[in-house]
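Below you'll find the structure, written out as structure tokens, and then a few comments.
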Amino acid sequence: MKVQGKVIKYGDNVDTDVIIPARYLNTSDPKELAAHCMEDLDPGFVKKVQKGDIMVAGKNFGCGSSREHAPIAIKASGISCIIAETFARIFYRNAINIGLPIVECPEAARDISDGDVVEADFDTGTIVNKTKGRSYKGVPFPEFMQEIIRAEGLVGYIRDQG
Amino acid sequence: MTSKNTMAKGMTMTQKILADHAGLERVEAGQLIKARLDMVLGNDITTPVAVKEFRKIGKDRVFDRNKIAIVPDHFTPNKDIKSAEQVRFIREFAREMDIVNFFEVGRMGVEHALLPEKGLVVPGDVVIGADSHTCTYGALGAFSTGIGSTDMAAGMATGEAWFKVPEAIRFVLTGKPGRWVSGKDIILHIIGMIGVDGALYKSMEFTGDGLKHLSMDDRFSMANMAIEAGAKNGIFDVDEKTIEYVKEHSTKPYKVYKADEDAEYCCEYVIDLSTVKPTVAFPHLPSNARTIDKVGDIRIDQVVIGSCTNGRIEDMRAAAQVLKGRTVHPDVRCIIIPATQKIWKQSMDEGLFDIFIEAGAAVSTPTCGPCLGGHMGILAKGERAVATTNRNFVGRMGHPESEVYLASPAIAAASAVAGRIASPDEL
Ligand code: SF4
């Protein structure tokens, strides 16, 4: 599976409180959550994000709470994939479980600039920076997680297993 | 010849618990396993999403109605119509599934203070919770970790969860902590040392002589903040104090696991507790730790004493010890929130509320409330709070331009009196 999109870039330790502040957690509606996505870090995000855009960030992306509302908000805002140096582990799990593709690739995360056009291949972990004409090798998902992604998340995976 | 005849290395405490729950002889770091669950937890924010996902799986019963705990605690008592609707939705689910451990206002508490108190977690358990601070129960020698709503749904349906077996960092604690140094100071010190991703994907195992000087409440607040170093779980050796606690609170059978002598750790830190000073984490990361003598003159507007980190009875006593016969600074609002009904009653019976109220503090019913910027004490633009909670991210307790300083109950109480971040020794 491959996606291509324009990059919106952030730094290290982007936490779940800035991805979706708790004051909006009295709902779990993806559209309502997306309307406030990234609000406390980048109030302009909701206006500028376009369907298919790729989010790129530094270390420990998604640290903080276990709220699945964070990857849900990002996915519902139209982001097709997140590339980061590293992900916080609960966010990593949640993204896979809800079918939001993520790639861990320190080299790409550091080299890619805001606005670059990037293509990411989740099966191989390969990332191509079309703007800069460079490619990077990320970590592909282990077999088991690829199965979850193929089933469009953990719920589909369990249903398939009966 | 004994067991040393194989090449295989020993296992850490976490690895042993996981191996047992996966039905395996042994597991290794990095291995993906499916483990049997002893408890699945959710709160009023995460459970609604989990229930929707549970419905999609298509099962009409949960795997075990005794092994699920649902605690509406974040926006509790419900702060608005939307949060009331969310709780009604999960209340109906709990009734339909006949879930035994659903906790209503008046009988509840902040989830991670409540579950151990109710005896729902014991040593050797594997627990997942759709709340990142589920790692708190590591204080009891259980493997417990935060997951998301979909994992919670899957756990409720199957009684299992997938895990990548973590490697571990070993923290050997020695010596005796000094005056005003609590579990909170020790864990802030550790996070300051290793950083907010210092234990990413890893397990933090706490062992050593120094443990005997740490009460269960100290250990709960330390295990609670393992996630703030990025850890999968934090776990403590089980000793007499643990067993005593478990016997007092639970009738569930428990199992004590010990790390093998030849267990492999990715690194080890030896921490002499007698050298740890009261520590405060500055905005906006729990790793921005400074010792109390280095904080400078930080004026504050609010103090919050409570949460799953520090809303237990010893925390209430520490706050009372400092506030006794003193008054909250005129420019400061001091909000005190015992974490459970039981702690609330105990604080009342011990006369702590008299001290708090005479000092000019407000005492609230158990709730997460201000800790996550939910309600019951939100910060305005530019305001500063000292909180005994666990996160000081941007906007955590209110306006994106407000600031949160994390500290122990003693430091928080002293700061409430001084009107600036202060140690009780300065009063
Ligand atoms: S007290 Fe704070 S950290 Fe603890 S469960 Fe509630 S919101 Fe989360």
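Residue numbers start at 1 in each chain; chains themselves are named A, B, ... in the order of the structure tokens; ligands are numbered from 1 in the order shown.
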Give the residue list for ligand 1 at 10 Å, counting only C-alpha atoms and all ligand atoms, as a ChimeraX atom specification, sorted by chain and then by residue number. /A:22,64-66 /B:43,45,71-75,109-113,130-134,136,224-225,306-311,337,339,366-374,388-391,396-397
Can those selected residues be exported to a file as a PDB file, in the first residue's frame so that it contains C-alpha atoms?
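So out.pdb came out as:
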```pdb
ATOM      1  CA  ALA A  22      -9.157  17.174  26.507  1.00  0.00           C
ATOM      2  CA  GLY A  64       0.887  11.275  26.625  1.00  0.00           C
ATOM      3  CA  SER A  65      -2.567   9.901  26.998  1.00  0.00           C
ATOM      4  CA  SER A  66      -4.086   6.766  25.520  1.00  0.00           C
TER       5      SER A  66
ATOM      6  CA  ASN B  43     -12.979   5.393  31.691  1.00  0.00           C
ATOM      7  CA  ILE B  45     -13.561   9.166  27.671  1.00  0.00           C
ATOM      8  CA  VAL B  71     -14.792   4.026  35.876  1.00  0.00           C
ATOM      9  CA  PRO B  72     -16.384   7.293  34.788  1.00  0.00           C
ATOM     10  CA  ASP B  73     -13.925   9.676  36.449  1.00  0.00           C
ATOM     11  CA  HIS B  74     -12.695  12.309  33.991  1.00  0.00           C
ATOM     12  CA  PHE B  75     -15.685  14.630  33.523  1.00  0.00           C
ATOM     13  CA  GLY B 109     -12.682   7.253  42.590  1.00  0.00           C
ATOM     14  CA  VAL B 110      -9.999   8.133  40.079  1.00  0.00           C
ATOM     15  CA  GLU B 111      -9.521   4.797  38.320  1.00  0.00           C
ATOM     16  CA  HIS B 112      -5.882   4.111  39.212  1.00  0.00           C
ATOM     17  CA  ALA B 113      -6.404   4.889  42.872  1.00  0.00           C
ATOM     18  CA  ALA B 130      -7.717   2.384  28.017  1.00  0.00           C
ATOM     19  CA  ASP B 131      -5.910   5.038  29.979  1.00  0.00           C
ATOM     20  CA  SER B 132      -2.198   5.672  29.767  1.00  0.00           C
ATOM     21  CA  HIS B 133      -1.679   5.677  33.531  1.00  0.00           C
ATOM     22  CA  THR B 134      -2.801   2.072  33.823  1.00  0.00           C
ATOM     23  CA  THR B 136       0.186   2.460  38.054  1.00  0.00           C
ATOM     24  CA  ASN B 224       2.008   5.890  37.640  1.00  0.00           C
ATOM     25  CA  MET B 225       4.556   8.107  35.912  1.00  0.00           C
ATOM     26  CA  GLY B 306      -5.024  15.167  43.884  1.00  0.00           C
ATOM     27  CA  SER B 307      -5.121  12.848  40.824  1.00  0.00           C
ATOM     28  CA  CYS B 308      -4.126   9.234  40.219  1.00  0.00           C
ATOM     29  CA  THR B 309      -0.542  10.247  40.945  1.00  0.00           C
ATOM     30  CA  ASN B 310      -0.980  11.937  44.321  1.00  0.00           C
ATOM     31  CA  GLY B 311      -4.538  11.840  45.606  1.00  0.00           C
ATOM     32  CA  ILE B 337      -9.236  16.341  45.607  1.00  0.00           C
ATOM     33  CA  ALA B 339      -8.840  10.383  44.779  1.00  0.00           C
ATOM     34  CA  PRO B 366     -13.214  12.559  43.655  1.00  0.00           C
ATOM     35  CA  THR B 367     -12.682  13.427  39.976  1.00  0.00           C
ATOM     36  CA  CYS B 368      -9.888  13.797  37.440  1.00  0.00           C
ATOM     37  CA  GLY B 369     -11.321  17.259  36.805  1.00  0.00           C
ATOM     38  CA  PRO B 370      -8.544  19.831  36.563  1.00  0.00           C
ATOM     39  CA  CYS B 371      -5.768  17.280  35.943  1.00  0.00           C
ATOM     40  CA  LEU B 372      -6.689  17.051  32.275  1.00  0.00           C
ATOM     41  CA  GLY B 373      -8.182  20.506  31.988  1.00  0.00           C
ATOM     42  CA  GLY B 374     -11.648  18.987  32.109  1.00  0.00           C
ATOM     43  CA  THR B 388       0.542  17.017  42.065  1.00  0.00           C
ATOM     44  CA  THR B 389      -0.611  15.503  38.772  1.00  0.00           C
ATOM     45  CA  ASN B 390       1.578  13.868  36.145  1.00  0.00           C
ATOM     46  CA  ARG B 391       1.498  15.973  32.979  1.00  0.00           C
ATOM     47  CA  ARG B 396      -3.046  20.440  29.829  1.00  0.00           C
ATOM     48  CA  MET B 397      -4.963  22.278  32.560  1.00  0.00           C
TER      49      MET B 397
END
```
Write out as a list in words each polymer residue whose atoms come within 6 Å of Leu37 in chain B, counting only C-alpha atoms; drop sequence neighbours fewer than 2 positions from it.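 The contact residues come out as Met39, Val126, Val127, Gly159 and Glu160 of chain B.
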Those selected residues, please, written with C-alpha atoms and delivered as a short mmCIF file (atom, residue, chain, number, x, y, z; two decimals), in the first residue's frame.
```cif
data_model
loop_
_atom_site.label_atom_id
_atom_site.label_comp_id
_atom_site.auth_asym_id
_atom_site.auth_seq_id
_atom_site.Cartn_x
_atom_site.Cartn_y
_atom_site.Cartn_z
CA MET B 39 -8.48 -7.13 34.04
CA VAL B 126 -1.81 -8.82 33.39
CA VAL B 127 -3.94 -5.70 33.09
CA GLY B 159 -9.91 -11.72 27.07
CA GLU B 160 -6.60 -11.38 25.25
#
```
Please report, as CSV, each residue of chain A lying at most 10 Å from chain B, together with the nearest pair of atoms and the separation in Å rounded to one decimal; use only C-alpha atoms, and order rows by chain and ascending residue number.
```
residue,atom,partner,partner_atom,distance
A:Asn13,CA,B:Val196,CA,8.1
A:Val14,CA,B:Phe393,CA,9.5
A:Asp15,CA,B:Phe393,CA,7.4
A:Thr16,CA,B:Phe393,CA,9.1
A:Asp17,CA,B:Arg396,CA,6.3
A:Val18,CA,B:Val394,CA,6.8
A:Pro21,CA,B:Gly395,CA,7.3
A:Ala22,CA,B:Leu372,CA,6.3
A:Arg23,CA,B:Gly374,CA,5.8
A:Tyr24,CA,B:Gly374,CA,9.0
A:Leu25,CA,B:Ile45,CA,6.5
A:Asn26,CA,B:Ser83,CA,5.0
A:Thr27,CA,B:Lys82,CA,6.7
A:Ser28,CA,B:Val49,CA,6.5
A:Asp29,CA,B:Val49,CA,9.2
A:Glu39,CA,B:Pro400,CA,9.3
A:Asp40,CA,B:Pro400,CA,5.9
A:Leu41,CA,B:Val394,CA,8.1
A:Lys59,CA,B:Asp197,CA,8.1
A:Asn60,CA,B:Asp197,CA,6.3
A:Phe61,CA,B:Asp197,CA,9.9
A:Cys63,CA,B:Gly230,CA,7.2
A:Gly64,CA,B:Glu228,CA,7.0
A:Ser65,CA,B:Ser132,CA,5.1
A:Ser66,CA,B:Ser132,CA,4.8
A:Arg67,CA,B:Gly148,CA,6.2
A:Glu68,CA,B:Gly148,CA,5.5
A:His69,CA,B:Thr46,CA,8.4
A:Thr86,CA,B:Leu200,CA,8.9
A:Phe87,CA,B:Leu200,CA,8.6
A:Ala88,CA,B:Gly230,CA,6.4
A:Arg89,CA,B:Tyr201,CA,5.9
A:Ile90,CA,B:Ile147,CA,5.6
A:Phe91,CA,B:Gly148,CA,8.0
A:Tyr92,CA,B:Ile147,CA,9.9
A:Arg93,CA,B:Ile147,CA,7.4
A:Asn94,CA,B:Gly148,CA,5.6
A:Ala95,CA,B:Gly148,CA,9.3
A:Ile96,CA,B:Thr150,CA,9.9
A:Asn97,CA,B:Thr150,CA,6.3
A:Ile98,CA,B:Thr150,CA,7.3
A:Pro142,CA,B:Leu32,CA,9.3
A:Phe144,CA,B:Leu32,CA,8.3
A:Met145,CA,B:Leu32,CA,9.9
A:Gly153,CA,B:Thr150,CA,8.7
A:Leu154,CA,B:Thr150,CA,7.0
A:Val155,CA,B:Ile57,CA,5.7
A:Gly156,CA,B:Ile57,CA,7.2
A:Tyr157,CA,B:Ile57,CA,9.2
A:Ile158,CA,B:Ile57,CA,7.0
A:Arg159,CA,B:Ile57,CA,5.6
A:Asp160,CA,B:Ile57,CA,9.3
A:Gly162,CA,B:Ile57,CA,9.1
```
For Glu350 in chain B, list every protein, DNA or RNA residue within 12 Å, evaluated using only C-alpha atoms, and leave out those in the same chain fewer than 6 positions away; present the list as a list in words.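 After dropping sequence-adjacent residues, the list is Ile313, Glu314, Met316, Arg317, Ala320, Gln321, Ile343, Trp344 and Phe356 of chain B.
The residue set within 10 Å of Gln50 in chain A, counting only C-alpha atoms and dropping same-chain residues fewer than 2 places from it, reads Gly5, Lys6, Ile8, Phe45, Val46, Lys47, Lys48, Gly52, Asp53, Ile54, Ser77, Gly78, Ile79 and Ser80 of chain A.
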For CA of Gly11 in chain A and CA of Arg299 in chain B, quote the distance in Å rounded to one decimal.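 So the answer is 29.5 Å.
The space separating CA of His249 in chain B from CA of Gly119 in chain B comes to 4.8 Å.
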Using only C-alpha atoms, determine which residues lie at most 9 Å from Asn66 in chain B, disregarding the query and same-chain residues fewer than 3 positions distant; provide the list as a list of chain:residue names. B:Met39, B:Ala69, B:Asp98, B:Ile99, B:Val100, B:Asn101
Select from range 163-404 of chain B everything DSSP, run on the backbone, classes as strand (DSSP E or B), then give the selection as a PyMOL selection string. chain B and resi 163-164+168-174+203-207+233-236+263+267-272+279-281+289-291+299+302-305+333-336+340+362-363+379+384-387+398+403-404
Write out as a VMD selection string all residues of range 145-315 of chain B that DSSP puts in alpha helix (DSSP H) for this structure's backbone. chain B and resid 149 to 158 183 to 194 216 to 224 240 to 249 307 to 310 313 to 315
Might you pull out every residue within 8 Å of Glu261 in chain B, with only C-alpha atoms counted and same-chain residues fewer than 2 positions away left off, and present them as a ChimeraX atom specification? /B:10,259,263
Take CA of Ala35 in chain A and CA of Ile90 in chain B and report the distance between them in Å, one decimal. 24.6 Å
Please list as a short mmCIF file (atom, residue, chain, number, x, y, z; two decimals) with N, CA, C and O atoms, in the first residue's frame every residue within 7 Å of Lys9 in chain A, counting only C-alpha atoms and excluding residues in the same chain fewer than 4 positions away.
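Written file, part.cif:
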```cif
data_model
loop_
_atom_site.label_atom_id
_atom_site.label_comp_id
_atom_site.auth_asym_id
_atom_site.auth_seq_id
_atom_site.Cartn_x
_atom_site.Cartn_y
_atom_site.Cartn_z
N MET A 55 1.88 13.79 7.55
CA MET A 55 2.42 14.50 8.70
C MET A 55 3.80 13.92 9.00
O MET A 55 3.97 12.69 9.02
N VAL A 56 4.77 14.80 9.21
CA VAL A 56 6.13 14.34 9.54
C VAL A 56 6.53 15.01 10.85
O VAL A 56 6.24 16.18 11.08
N ALA A 57 7.14 14.23 11.75
CA ALA A 57 7.52 14.79 13.05
C ALA A 57 8.78 14.14 13.58
O ALA A 57 9.29 13.17 13.00
N SER A 113 11.34 18.37 4.58
CA SER A 113 10.93 19.71 5.03
C SER A 113 9.44 19.91 4.84
O SER A 113 8.82 19.22 4.03
N ASP A 114 8.93 20.88 5.56
CA ASP A 114 7.53 21.27 5.42
C ASP A 114 7.27 21.61 3.95
O ASP A 114 8.06 22.30 3.33
#
```
When you count only C-alpha atoms, which of these residues is closest to Ile102 in chain A: A:Phe141, A:Val49, A:Val117, A:Ile72?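 Answer, going by the shortest atom-to-atom distance: A:Phe141.
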